[in-house]
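Note: the block below is structure_38.cif and it holds mmCIF, C-alpha atoms, pLDDT in the B column; chains and numbers go by the auth columns.
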data_data
#
loop_
_atom_site.group_PDB
_atom_site.id
_atom_site.type_symbol
_atom_site.label_atom_id
_atom_site.label_comp_id
_atom_site.label_asym_id
_atom_site.label_seq_id
_atom_site.Cartn_x
_atom_site.Cartn_y
_atom_site.Cartn_z
_atom_site.B_iso_or_equiv
_atom_site.auth_seq_id
_atom_site.auth_asym_id
ATOM 1 C CA MET A 1 143.800 114.220 143.137 66.00 1 A
ATOM 2 C CA PRO A 2 143.575 116.344 146.325 72.00 2 A
ATOM 3 C CA GLU A 3 139.789 116.604 146.067 72.00 3 A
ATOM 4 C CA HIS A 4 139.506 112.798 145.995 68.00 4 A
ATOM 5 C CA LEU A 5 141.666 112.449 149.099 72.00 5 A
ATOM 6 C CA THR A 6 139.598 114.995 151.003 73.00 6 A
ATOM 7 C CA ALA A 7 136.460 112.975 150.337 73.00 7 A
ATOM 8 C CA LEU A 8 138.069 109.825 151.776 76.00 8 A
ATOM 9 C CA HIS A 9 138.783 111.364 155.195 76.00 9 A
ATOM 10 C CA ALA A 10 141.868 109.145 155.420 82.00 10 A
ATOM 11 C CA PRO A 11 145.487 109.946 156.219 89.00 11 A
ATOM 12 C CA ALA A 12 147.639 110.500 153.131 88.00 12 A
ATOM 13 C CA LEU A 13 151.347 110.856 152.541 93.00 13 A
ATOM 14 C CA VAL A 14 152.268 112.770 149.392 92.00 14 A
ATOM 15 C CA ILE A 15 155.907 112.634 148.307 94.00 15 A
ATOM 16 C CA PHE A 16 157.166 114.955 145.582 92.00 16 A
ATOM 17 C CA GLY A 17 160.617 115.009 144.047 95.00 17 A
ATOM 18 C CA VAL A 18 161.680 118.645 143.716 95.00 18 A
ATOM 19 C CA ALA A 19 163.503 117.827 140.455 95.00 19 A
ATOM 20 C CA ASP A 20 160.510 116.027 138.902 93.00 20 A
ATOM 21 C CA PRO A 21 160.394 116.875 135.177 91.00 21 A
ATOM 22 C CA ARG A 22 156.894 115.406 134.753 91.00 22 A
ATOM 23 C CA TRP A 23 154.919 117.084 137.577 87.00 23 A
ATOM 24 C CA ASP A 24 155.490 120.586 138.843 87.00 24 A
ATOM 25 C CA PRO A 25 156.554 120.195 142.483 81.00 25 A
ATOM 26 C CA SER A 26 154.969 123.554 143.285 84.00 26 A
ATOM 27 C CA SER A 27 151.615 121.814 142.760 87.00 27 A
ATOM 28 C CA ALA A 28 152.193 120.151 146.145 87.00 28 A
ATOM 29 C CA HIS A 29 150.483 123.174 147.720 85.00 29 A
ATOM 30 C CA GLN A 30 147.182 121.844 146.311 88.00 30 A
ATOM 31 C CA TYR A 31 147.306 119.183 149.017 87.00 31 A
ATOM 32 C CA ASP A 32 146.975 121.892 151.659 86.00 32 A
ATOM 33 C CA ALA A 33 143.231 121.483 151.060 86.00 33 A
ATOM 34 C CA VAL A 34 143.438 117.929 152.442 87.00 34 A
ATOM 35 C CA PRO A 35 143.447 118.196 156.227 88.00 35 A
ATOM 36 C CA THR A 36 144.771 114.637 156.632 88.00 36 A
ATOM 37 C CA ALA A 37 147.596 114.967 154.091 89.00 37 A
ATOM 38 C CA ARG A 38 151.270 115.229 154.900 92.00 38 A
ATOM 39 C CA VAL A 39 153.389 116.546 152.032 93.00 39 A
ATOM 40 C CA GLU A 40 157.099 115.830 151.756 95.00 40 A
ATOM 41 C CA LEU A 41 159.370 117.425 149.143 95.00 41 A
ATOM 42 C CA LEU A 42 162.617 115.604 148.386 96.00 42 A
ATOM 43 C CA PRO A 43 165.389 117.829 147.013 96.00 43 A
ATOM 44 C CA GLY A 44 167.416 116.422 144.125 96.00 44 A
ATOM 45 C CA VAL A 45 164.828 113.729 143.449 97.00 45 A
ATOM 46 C CA GLY A 46 162.826 113.394 140.243 96.00 46 A
ATOM 47 C CA HIS A 47 159.642 111.532 139.337 94.00 47 A
ATOM 48 C CA LEU A 48 160.400 108.224 141.102 96.00 48 A
ATOM 49 C CA PRO A 49 161.355 108.885 144.731 96.00 49 A
ATOM 50 C CA VAL A 50 161.079 105.201 145.634 95.00 50 A
ATOM 51 C CA LEU A 51 163.829 104.394 143.101 97.00 51 A
ATOM 52 C CA GLU A 52 165.869 107.595 143.288 97.00 52 A
ATOM 53 C CA ALA A 53 165.878 107.990 147.066 98.00 53 A
ATOM 54 C CA PRO A 54 164.816 104.607 148.475 98.00 54 A
ATOM 55 C CA GLU A 55 166.240 105.178 151.955 98.00 55 A
ATOM 56 C CA GLU A 56 164.546 108.560 152.426 98.00 56 A
ATOM 57 C CA THR A 57 161.291 107.343 150.886 98.00 57 A
ATOM 58 C CA SER A 58 161.309 104.271 153.136 98.00 58 A
ATOM 59 C CA ARG A 59 161.974 106.394 156.204 97.00 59 A
ATOM 60 C CA LEU A 60 159.047 108.672 155.340 98.00 60 A
ATOM 61 C CA LEU A 61 156.711 105.733 154.692 97.00 61 A
ATOM 62 C CA LEU A 62 157.667 103.906 157.888 96.00 62 A
ATOM 63 C CA ASP A 63 157.316 107.065 159.980 95.00 63 A
ATOM 64 C CA PHE A 64 153.944 107.820 158.429 95.00 64 A
ATOM 65 C CA ALA A 65 152.698 104.249 158.958 94.00 65 A
ATOM 66 C CA ALA A 66 153.805 104.316 162.598 93.00 66 A
ATOM 67 C CA LYS A 67 151.941 107.580 163.193 90.00 67 A
ATOM 68 C CA VAL A 68 148.814 106.257 161.486 88.00 68 A
ATOM 69 C CA ARG A 69 148.955 103.171 163.691 85.00 69 A
ATOM 70 C CA ARG A 70 149.190 105.404 166.765 80.00 70 A
ATOM 71 C CA HIS A 71 146.537 107.782 165.361 74.00 71 A
ATOM 72 C CA ASP A 72 149.092 110.544 165.776 62.00 72 A
ATOM 73 C CA ILE A 73 149.025 112.142 162.310 59.00 73 A
ATOM 74 C CA SER A 74 150.606 115.561 161.940 52.00 74 A
#
As structure tokens:
Amino acid sequence: MPEHLTALHAPALVIFGVADPRWDPSSAHQYDAVPTARVELLPGVGHLPVLEAPEETSRLLLDFAAKVRRHDIS
């Protein structure tokens, strides 16, 4: 997936649950190759951050959207 995001040249927010049994959270480092990607790791969260940590996921999404709107991605 990271190689596809790099080709888009668009901001991306990648959220990993540290306790995800399906995907290895250490694979998040692959997104370092995407200059416009912001990676967030949520401790104690599994494969579905939006269901397991809705408040934290919402906060991350809203913050990211606000920064994209302001063109202030970091």
Subject >> Spatial neighbours of Tyr31 in chain A, max dist 12 Å, all atoms listed in the file, sep filter under 5 positions, as a VMD selection string >> reply: chain A and resid 1 to 6 11 to 16 25 to 26 36 to 40
Subject >> CA of Ala65 in chain A to CA of Val50 in chain A, distance in Å rounded to a single decimal >> reply: 15.8 Å
Subject >> From A:His29, A:Gly17, A:Asp63, A:Thr57, residue lying nearest Gly44 in chain A [only C-alpha atoms] >> reply: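 Closest to Gly44 in chain A of all the choices is A:Gly17.
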Original post:
Can you list, as JSON, numbers by chain, the residues that the PyMOL selection byres ((chain A and resi 43) around 8) selects here?
Top reply: {"A": [17, 18, 19, 41, 42, 44, 45]}
Let's have the selection written as a tab-separated table (two decimals), keeping the file's coordinate frame, with C-alpha atoms.
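This went into again.tsv:
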chain	number	residue	atom	x	y	z
A	17	GLY	CA	160.62	115.01	144.05
A	18	VAL	CA	161.68	118.64	143.72
A	19	ALA	CA	163.50	117.83	140.46
A	41	LEU	CA	159.37	117.42	149.14
A	42	LEU	CA	162.62	115.60	148.39
A	44	GLY	CA	167.42	116.42	144.12
A	45	VAL	CA	164.83	113.73	143.45
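For the pair CA of Arg59 in chain A and CA of Asp32 in chain A, the separation is 22.0 Å.
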Original post:
So how far away is CA of Pro49 in chain A from CA of Ala28 in chain A, in Å?
Top reply: 14.6 Å
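The residue that comes closest to His9 in chain A, out of A:Arg22, A:Gln30, A:Arg69, A:Pro35 and on the basis of only C-alpha atoms, is A:Pro35.
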Subject >> Using only C-alpha atoms: which of A:Leu48, A:Ala10, A:Ala66, A:Ala53 has the shortest distance to Trp23 in chain A >> reply: A:Leu48
